[in-house]
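Next up, target12.cif (mmCIF, C-alpha atoms):
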```cif
data_query
loop_
_atom_site.group_PDB
_atom_site.id
_atom_site.type_symbol
_atom_site.label_atom_id
_atom_site.label_comp_id
_atom_site.auth_asym_id
_atom_site.auth_seq_id
_atom_site.Cartn_x
_atom_site.Cartn_y
_atom_site.Cartn_z
ATOM 1 C CA MET Z 28 9.405 12.203 15.352
ATOM 2 C CA GLU Z 29 10.434 9.505 17.811
ATOM 3 C CA PHE Z 30 8.587 7.643 20.504
ATOM 4 C CA SER Z 31 8.799 4.411 22.459
ATOM 5 C CA ILE Z 32 6.298 1.712 23.260
ATOM 6 C CA GLN Z 33 5.807 3.192 26.724
ATOM 7 C CA SER Z 34 4.948 6.639 25.335
ATOM 8 C CA LEU Z 35 2.088 5.497 23.103
ATOM 9 C CA SER Z 36 -1.350 6.629 24.220
ATOM 10 C CA PRO Z 37 -4.445 4.361 24.104
ATOM 11 C CA ILE Z 38 -5.666 6.295 21.055
ATOM 12 C CA GLN Z 39 -2.354 5.755 19.262
ATOM 13 C CA TRP Z 40 -2.461 2.048 20.042
ATOM 14 C CA GLY Z 41 -6.031 1.917 18.771
ATOM 15 C CA ILE Z 42 -5.029 3.490 15.461
ATOM 16 C CA LEU Z 43 -2.081 1.117 15.072
ATOM 17 C CA LEU Z 44 -4.216 -1.932 15.898
ATOM 18 C CA LEU Z 45 -6.795 -0.831 13.328
ATOM 19 C CA ALA Z 46 -4.043 -0.270 10.767
ATOM 20 C CA ALA Z 47 -2.585 -3.743 11.372
ATOM 21 C CA LEU Z 48 -6.024 -5.383 11.111
ATOM 22 C CA PHE Z 49 -6.988 -3.580 7.894
ATOM 23 C CA ILE Z 50 -3.598 -4.093 6.243
ATOM 24 C CA GLY Z 51 -3.791 -7.801 7.038
ATOM 25 C CA MET Z 52 -7.318 -8.059 5.643
ATOM 26 C CA ALA Z 53 -6.263 -6.203 2.493
ATOM 27 C CA LYS Z 54 -3.393 -8.627 1.890
ATOM 28 C CA GLY Z 55 -5.757 -11.521 2.580
ATOM 29 C CA GLY Z 56 -7.925 -10.553 -0.362
ATOM 30 C CA ILE Z 57 -10.079 -7.544 0.624
ATOM 31 C CA SER Z 58 -8.396 -5.288 -1.913
ATOM 32 C CA ASN Z 59 -7.731 -1.625 -1.080
ATOM 33 C CA LEU Z 60 -9.024 -1.887 2.507
ATOM 34 C CA GLY Z 61 -5.558 -1.034 3.778
ATOM 35 C CA MET Z 62 -5.719 2.292 1.932
ATOM 36 C CA SER Z 63 -8.210 3.633 4.431
ATOM 37 C CA VAL Z 64 -5.685 3.607 7.293
ATOM 38 C CA VAL Z 65 -3.054 5.618 5.382
ATOM 39 C CA PRO Z 66 -4.656 9.065 5.887
ATOM 40 C CA LEU Z 67 -5.579 8.246 9.484
ATOM 41 C CA THR Z 68 -2.018 7.340 10.497
ATOM 42 C CA ALA Z 69 -0.626 10.289 8.516
ATOM 43 C CA TRP Z 70 -3.007 12.687 10.252
ATOM 44 C CA TYR Z 71 -2.155 11.386 13.729
ATOM 45 C CA PHE Z 72 1.547 10.512 13.462
ATOM 46 C CA GLY Z 73 2.727 12.823 10.676
ATOM 47 C CA GLY Z 74 2.928 12.192 6.952
ATOM 48 C CA LYS Z 75 6.500 11.040 6.437
ATOM 49 C CA PHE Z 76 6.851 9.298 9.799
ATOM 50 C CA SER Z 77 3.677 7.284 9.263
ATOM 51 C CA THR Z 78 5.098 5.718 6.086
ATOM 52 C CA GLY Z 79 7.942 4.138 8.038
ATOM 53 C CA LEU Z 80 5.645 3.112 10.860
ATOM 54 C CA ILE Z 81 3.381 1.191 8.481
ATOM 55 C CA LEU Z 82 6.071 -0.284 6.214
ATOM 56 C CA PRO Z 83 7.113 -3.190 8.511
ATOM 57 C CA MET Z 84 3.434 -4.183 8.816
ATOM 58 C CA LEU Z 85 3.189 -4.275 5.042
ATOM 59 C CA ILE Z 86 6.279 -6.449 4.707
ATOM 60 C CA VAL Z 87 4.952 -9.029 7.169
ATOM 61 C CA ALA Z 88 1.538 -9.023 5.493
ATOM 62 C CA ASP Z 89 3.131 -9.243 2.034
ATOM 63 C CA PHE Z 90 5.176 -12.246 3.166
ATOM 64 C CA THR Z 91 2.033 -14.106 4.245
ATOM 65 C CA ALA Z 92 0.360 -13.211 0.955
ATOM 66 C CA VAL Z 93 3.381 -14.527 -0.955
ATOM 67 C CA LEU Z 94 3.177 -17.817 0.935
ATOM 68 C CA TYR Z 95 -0.518 -18.178 0.128
ATOM 69 C CA TYR Z 96 -0.445 -17.063 -3.524
ATOM 70 C CA ARG Z 97 3.179 -18.034 -4.322
ATOM 71 C CA LYS Z 98 2.324 -20.337 -7.237
ATOM 72 C CA ASN Z 99 0.141 -17.823 -9.083
ATOM 73 C CA ALA Z 100 2.673 -15.172 -10.137
ATOM 74 C CA GLU Z 101 3.135 -14.118 -13.773
ATOM 75 C CA TRP Z 102 6.840 -13.265 -13.667
ATOM 76 C CA LYS Z 103 7.097 -11.528 -17.035
ATOM 77 C CA TYR Z 104 4.743 -8.801 -15.818
ATOM 78 C CA TYR Z 105 6.564 -8.597 -12.489
ATOM 79 C CA TRP Z 106 9.907 -7.891 -14.229
ATOM 80 C CA LYS Z 107 8.272 -5.544 -16.706
ATOM 81 C CA LEU Z 108 7.158 -3.221 -13.910
ATOM 82 C CA LEU Z 109 9.777 -3.621 -11.160
ATOM 83 C CA PRO Z 110 12.777 -1.688 -12.612
ATOM 84 C CA TRP Z 111 10.670 1.409 -13.336
ATOM 85 C CA THR Z 112 9.166 1.237 -9.853
ATOM 86 C CA ILE Z 113 12.615 1.199 -8.249
ATOM 87 C CA LEU Z 114 13.451 4.316 -10.282
ATOM 88 C CA GLY Z 115 10.286 5.921 -8.905
ATOM 89 C CA VAL Z 116 11.308 4.958 -5.342
ATOM 90 C CA VAL Z 117 14.629 6.764 -5.780
ATOM 91 C CA PHE Z 118 12.893 9.888 -7.090
ATOM 92 C CA GLY Z 119 10.257 9.718 -4.357
ATOM 93 C CA THR Z 120 12.989 9.444 -1.708
ATOM 94 C CA TRP Z 121 14.639 12.617 -2.963
ATOM 95 C CA LEU Z 122 11.323 14.459 -3.206
ATOM 96 C CA GLY Z 123 10.399 13.443 0.339
ATOM 97 C CA GLN Z 124 13.635 14.971 1.626
ATOM 98 C CA VAL Z 125 13.035 18.416 0.135
ATOM 99 C CA VAL Z 126 9.443 18.992 1.324
ATOM 100 C CA ASP Z 127 8.219 19.639 4.858
ATOM 101 C CA ASP Z 128 5.706 17.389 6.590
ATOM 102 C CA LEU Z 129 2.691 19.605 5.889
ATOM 103 C CA LEU Z 130 3.395 19.581 2.147
ATOM 104 C CA PHE Z 131 4.178 15.862 2.398
ATOM 105 C CA LYS Z 132 0.685 15.243 3.779
ATOM 106 C CA ARG Z 133 -0.865 17.444 1.084
ATOM 107 C CA ILE Z 134 0.909 15.425 -1.605
ATOM 108 C CA MET Z 135 -0.338 12.247 0.056
ATOM 109 C CA GLY Z 136 -3.833 13.708 0.014
ATOM 110 C CA VAL Z 137 -3.684 14.475 -3.711
ATOM 111 C CA ILE Z 138 -2.363 10.979 -4.470
ATOM 112 C CA PHE Z 139 -5.004 9.435 -2.250
ATOM 113 C CA ALA Z 140 -7.803 11.473 -3.818
ATOM 114 C CA GLY Z 141 -6.592 10.458 -7.267
ATOM 115 C CA SER Z 142 -6.562 6.800 -6.244
ATOM 116 C CA VAL Z 143 -10.114 6.932 -4.917
ATOM 117 C CA ALA Z 144 -11.294 8.893 -7.968
ATOM 118 C CA PHE Z 145 -9.767 6.292 -10.258
ATOM 119 C CA MET Z 146 -11.490 3.440 -8.412
ATOM 120 C CA LEU Z 147 -14.839 5.199 -8.759
ATOM 121 C CA TYR Z 148 -14.239 6.110 -12.413
ATOM 122 C CA ARG Z 149 -13.133 2.587 -13.307
ATOM 123 C CA ASP Z 150 -16.257 1.108 -11.715
ATOM 124 C CA TYR Z 151 -18.535 3.667 -13.393
ATOM 125 C CA ARG Z 152 -17.010 3.367 -16.866
ATOM 126 C CA GLY Z 153 -16.200 -0.324 -16.691
ATOM 127 C CA ILE Z 154 -12.657 0.229 -17.979
ATOM 128 C CA THR Z 155 -11.099 -2.932 -19.420
ATOM 129 C CA THR Z 156 -8.874 -1.668 -22.252
ATOM 130 C CA ILE Z 157 -5.630 0.102 -21.331
ATOM 131 C CA PRO Z 158 -2.376 0.534 -23.340
ATOM 132 C CA GLN Z 159 0.162 -2.302 -23.071
ATOM 133 C CA GLN Z 160 3.216 -0.684 -24.687
ATOM 134 C CA TRP Z 161 6.577 -0.362 -22.862
ATOM 135 C CA TRP Z 162 6.049 3.329 -22.140
ATOM 136 C CA PHE Z 163 2.875 2.473 -20.253
ATOM 137 C CA ALA Z 164 4.819 0.125 -17.945
ATOM 138 C CA ALA Z 165 7.432 2.874 -17.484
ATOM 139 C CA CYS Z 166 4.827 5.493 -16.545
ATOM 140 C CA MET Z 167 2.922 3.197 -14.183
ATOM 141 C CA GLY Z 168 6.128 1.873 -12.617
ATOM 142 C CA ILE Z 169 7.584 5.319 -11.888
ATOM 143 C CA LEU Z 170 4.217 6.505 -10.584
ATOM 144 C CA ALA Z 171 3.975 3.415 -8.364
ATOM 145 C CA GLY Z 172 7.483 4.057 -7.016
ATOM 146 C CA VAL Z 173 6.776 7.675 -6.113
ATOM 147 C CA THR Z 174 3.367 6.950 -4.605
ATOM 148 C CA THR Z 175 4.633 3.990 -2.588
ATOM 149 C CA MET Z 176 7.112 6.313 -0.884
ATOM 150 C CA PHE Z 177 4.400 8.926 -0.298
ATOM 151 C CA GLY Z 178 2.095 6.933 1.943
ATOM 152 C CA ASN Z 179 2.512 3.382 0.598
ATOM 153 C CA LEU Z 180 -0.098 4.236 -2.040
ATOM 154 C CA ALA Z 181 1.155 2.330 -5.081
ATOM 155 C CA GLY Z 182 -2.031 0.269 -5.300
ATOM 156 C CA ALA Z 183 -3.802 2.452 -7.857
ATOM 157 C CA ALA Z 184 -0.911 2.527 -10.351
ATOM 158 C CA THR Z 185 -0.203 -1.184 -10.086
ATOM 159 C CA THR Z 186 -3.906 -2.006 -10.391
ATOM 160 C CA VAL Z 187 -4.037 -0.055 -13.647
ATOM 161 C CA PHE Z 188 -0.990 -1.919 -14.971
ATOM 162 C CA PHE Z 189 -2.132 -5.415 -14.005
ATOM 163 C CA LEU Z 190 -5.606 -4.613 -15.300
ATOM 164 C CA ALA Z 191 -4.063 -3.725 -18.643
ATOM 165 C CA MET Z 192 -2.312 -7.094 -18.719
ATOM 166 C CA GLN Z 193 -5.732 -8.752 -18.272
ATOM 167 C CA LEU Z 194 -4.511 -11.126 -15.596
ATOM 168 C CA PRO Z 195 -6.960 -13.638 -14.095
ATOM 169 C CA LYS Z 196 -7.836 -13.019 -10.440
ATOM 170 C CA GLN Z 197 -5.455 -15.615 -8.966
ATOM 171 C CA SER Z 198 -2.596 -14.547 -11.237
ATOM 172 C CA TYR Z 199 -3.219 -10.927 -10.316
ATOM 173 C CA LEU Z 200 -3.137 -11.710 -6.591
ATOM 174 C CA GLY Z 201 0.037 -13.792 -6.914
ATOM 175 C CA THR Z 202 1.899 -11.296 -9.083
ATOM 176 C CA ALA Z 203 0.836 -8.375 -6.905
ATOM 177 C CA ALA Z 204 1.875 -10.235 -3.731
ATOM 178 C CA TRP Z 205 5.397 -10.855 -5.007
ATOM 179 C CA PHE Z 206 5.655 -7.350 -6.459
ATOM 180 C CA PHE Z 207 4.644 -5.514 -3.274
ATOM 181 C CA PHE Z 208 6.792 -7.765 -1.094
ATOM 182 C CA SER Z 209 9.817 -6.988 -3.289
ATOM 183 C CA ILE Z 210 9.238 -3.250 -3.576
ATOM 184 C CA ASN Z 211 8.607 -2.850 0.158
ATOM 185 C CA LEU Z 212 11.921 -4.575 0.867
ATOM 186 C CA VAL Z 213 13.596 -2.221 -1.619
ATOM 187 C CA LYS Z 214 12.063 0.796 0.140
ATOM 188 C CA THR Z 215 13.273 -0.207 3.597
ATOM 189 C CA PRO Z 216 16.911 1.019 3.324
ATOM 190 C CA PHE Z 217 15.688 4.358 1.961
ATOM 191 C CA GLN Z 218 13.310 4.734 4.905
ATOM 192 C CA ILE Z 219 16.060 3.843 7.404
ATOM 193 C CA PHE Z 220 19.077 5.715 6.045
ATOM 194 C CA PHE Z 221 17.588 8.687 4.167
ATOM 195 C CA TRP Z 222 14.323 9.468 5.946
ATOM 196 C CA GLY Z 223 15.063 7.939 9.345
ATOM 197 C CA THR Z 224 11.450 6.801 9.722
ATOM 198 C CA ILE Z 225 12.257 3.221 10.750
ATOM 199 C CA SER Z 226 14.077 2.641 14.038
ATOM 200 C CA TRP Z 227 14.369 -0.051 16.663
ATOM 201 C CA ASP Z 228 11.413 1.544 18.478
ATOM 202 C CA THR Z 229 9.125 1.340 15.444
ATOM 203 C CA ILE Z 230 10.242 -2.244 14.778
ATOM 204 C CA GLN Z 231 9.400 -3.217 18.375
ATOM 205 C CA ILE Z 232 5.961 -1.683 17.988
ATOM 206 C CA ASN Z 233 5.421 -3.598 14.756
ATOM 207 C CA LEU Z 234 6.499 -6.880 16.356
ATOM 208 C CA LEU Z 235 3.759 -6.474 18.954
ATOM 209 C CA LEU Z 236 1.240 -5.925 16.145
ATOM 210 C CA VAL Z 237 2.145 -9.124 14.226
ATOM 211 C CA PRO Z 238 -0.620 -11.273 15.843
ATOM 212 C CA VAL Z 239 -3.270 -8.706 14.870
ATOM 213 C CA LEU Z 240 -1.795 -8.495 11.371
ATOM 214 C CA LEU Z 241 -1.867 -12.278 10.899
ATOM 215 C CA PHE Z 242 -5.411 -12.427 12.234
ATOM 216 C CA GLY Z 243 -6.336 -9.780 9.662
ATOM 217 C CA VAL Z 244 -4.801 -11.839 6.843
ATOM 218 C CA ALA Z 245 -6.755 -14.931 7.916
ATOM 219 C CA ALA Z 246 -9.939 -12.878 8.272
ATOM 220 C CA GLY Z 247 -9.399 -11.332 4.846
ATOM 221 C CA ILE Z 248 -8.983 -14.737 3.204
ATOM 222 C CA TRP Z 249 -12.086 -16.062 4.982
ATOM 223 C CA LEU Z 250 -14.245 -13.023 4.206
ATOM 224 C CA ALA Z 251 -13.096 -12.770 0.576
ATOM 225 C CA GLN Z 252 -14.533 -16.239 -0.031
ATOM 226 C CA ARG Z 253 -17.901 -15.465 1.530
ATOM 227 C CA PHE Z 254 -18.870 -11.880 0.721
ATOM 228 C CA SER Z 255 -19.243 -10.057 -2.564
ATOM 229 C CA ASP Z 256 -16.482 -7.875 -3.968
ATOM 230 C CA GLN Z 257 -19.048 -5.114 -4.487
ATOM 231 C CA PHE Z 258 -19.919 -4.940 -0.773
ATOM 232 C CA PHE Z 259 -16.305 -4.628 0.328
ATOM 233 C CA ARG Z 260 -15.501 -2.218 -2.473
ATOM 234 C CA ARG Z 261 -18.276 0.140 -1.376
ATOM 235 C CA MET Z 262 -17.198 -0.152 2.255
ATOM 236 C CA THR Z 263 -13.564 0.502 1.345
ATOM 237 C CA ILE Z 264 -14.342 3.534 -0.780
ATOM 238 C CA SER Z 265 -16.564 4.958 1.957
ATOM 239 C CA LEU Z 266 -13.802 4.549 4.534
ATOM 240 C CA CYS Z 267 -11.267 6.036 2.131
ATOM 241 C CA ILE Z 268 -13.361 9.143 1.486
ATOM 242 C CA VAL Z 269 -13.839 9.776 5.204
ATOM 243 C CA ALA Z 270 -10.146 9.159 5.953
ATOM 244 C CA MET Z 271 -9.002 11.294 3.015
ATOM 245 C CA VAL Z 272 -10.635 14.391 4.516
ATOM 246 C CA LEU Z 273 -8.258 14.131 7.488
ATOM 247 C CA LEU Z 274 -5.254 14.817 5.249
ATOM 248 C CA PHE Z 275 -6.636 18.242 4.323
ATOM 249 C CA LEU Z 276 -7.587 19.372 7.822
#
```
Before anything else, please render the file you have as structure tokens.
Amino acid sequence: MEFSIQSLSPIQWGILLLAALFIGMAKGGISNLGMSVVPLTAWYFGGKFSTGLILPMLIVADFTAVLYYRKNAEWKYYWKLLPWTILGVVFGTWLGQVVDDLLFKRIMGVIFAGSVAFMLYRDYRGITTIPQQWWFAACMGILAGVTTMFGNLAGAATTVFFLAMQLPKQSYLGTAAWFFFSINLVKTPFQIFFWGTISWDTIQINLLLVPVLLFGVAAGIWLAQRFSDQFFRRMTISLCIVAMVLLFL
């Protein structure tokens, strides 16, 4: 699928503006809010194509998050997870090449449903104890790599891993910021050369969305300091459930 800036309809621009705003807010501290735009963009632009359309937004937002939380990273956990995630990216790239777009969206839907189900289950059960052995990092890393290729949905797997490491909030945000920035850079050549989902046209579109993205980051930082995590978590999960249905239509 290819299009230019001139060919975008008002509805398409609206979806992209919403995606940029929510991704920025998520990187600013309103965790998981960006997940809600994944099914919406996949439903409207196509599963595989939407991943490349969103990826440049994520990189810009990740860069701002790295600048803000740069001193809070726990590097030993970063390096423990990163190699396995790269392996998962390679496998996810291959898998994405052998399935059609309809199946791609169905796989995204299953991953997305699992992510939402985990968030609900974790809140309900109050999970705090998770294995910390090397095999756990391997499983979560490979899962994160595959899911980040299928809809940029690595959040659930990485949350489980960092939760297991019992990182304080600031350390979690700093480590996650560096991790996602790195892995999204790693994904970019695969999206360009193997999937062909990033082009000069999509980059131009993303450049126009940078002001909205940066506003979202600032808004996320401001809101995260003033509203409860529970309120935003309920709002995010509600949006995710509604958006998830679109992937199965």
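Considering the residues Z:Gln39, Z:Ser34, Z:Ser209, Z:Asn99 and counting all atoms listed in the file, Z:Ser77 has its shortest atom-to-atom contact with Z:Gln39.
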Pull out every residue that the PyMOL selection byres ((chain Z and resi 128) around 8) matches in the shown coordinates and put them as a PyMOL selection string.
-> chain Z and resi 73-75+126-127+129-132
Any chance you could work out the residue set of the PyMOL selection byres ((chain Z and resi 197) around 10) here, as a ChimeraX atom specification?
-> /Z:96,98-101,194-196,198-203
Tell me, as a PyMOL selection string, which residues lie within 8 Å of Z:Ala88, counting only C-alpha atoms; anything in the same chain fewer than 3 positions away does not count.
-> chain Z and resi 50-51+54+84-85+91-92+240-241+244
Write a file of the selected residues as a tab-separated table (two decimals), in the frame of the given file, keeping C-alpha atoms.
```tsv
chain	number	residue	atom	x	y	z
Z	50	ILE	CA	-3.60	-4.09	6.24
Z	51	GLY	CA	-3.79	-7.80	7.04
Z	54	LYS	CA	-3.39	-8.63	1.89
Z	84	MET	CA	3.43	-4.18	8.82
Z	85	LEU	CA	3.19	-4.28	5.04
Z	91	THR	CA	2.03	-14.11	4.24
Z	92	ALA	CA	0.36	-13.21	0.96
Z	240	LEU	CA	-1.80	-8.49	11.37
Z	241	LEU	CA	-1.87	-12.28	10.90
Z	244	VAL	CA	-4.80	-11.84	6.84
```
Which residue, Z:Val239, Z:Leu48, Z:Leu108, Z:Leu180, has the smallest gap to Z:Gly141 when you use all atoms listed in the file?
-> Z:Leu180
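In this structure, atom CA of Z:Leu80 sits 8.6 Å away from atom CA of Z:Ile232.
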Residues matched by the PyMOL selection byres ((chain Z and resi 210-219) around 9) as a PyMOL selection string | chain Z and resi 78-79+82-83+85-86+89+109+112-113+116-117+120+172+175-176+179+205-209+220-226
For atom CA of Z:Ala246 and atom CA of Z:Leu147, determine how far apart the two atoms are, in Å to one decimal place.
-> 25.3 Å
May I ask which of the residues Z:Gly243, Z:Gln124, Z:Gln252, Z:Met167 is the closest one to Z:Leu60, counting only C-alpha atoms?
->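 Comparing Z:Gly243, Z:Gln124, Z:Gln252, Z:Met167 against Z:Leu60, the winner is Z:Gly243.
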What gap, in Å, lies between atom CA of Z:Leu250 and atom CA of Z:Phe49?
->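 Pair atom CA of Z:Leu250 / atom CA of Z:Phe49 returns 12.5 Å.
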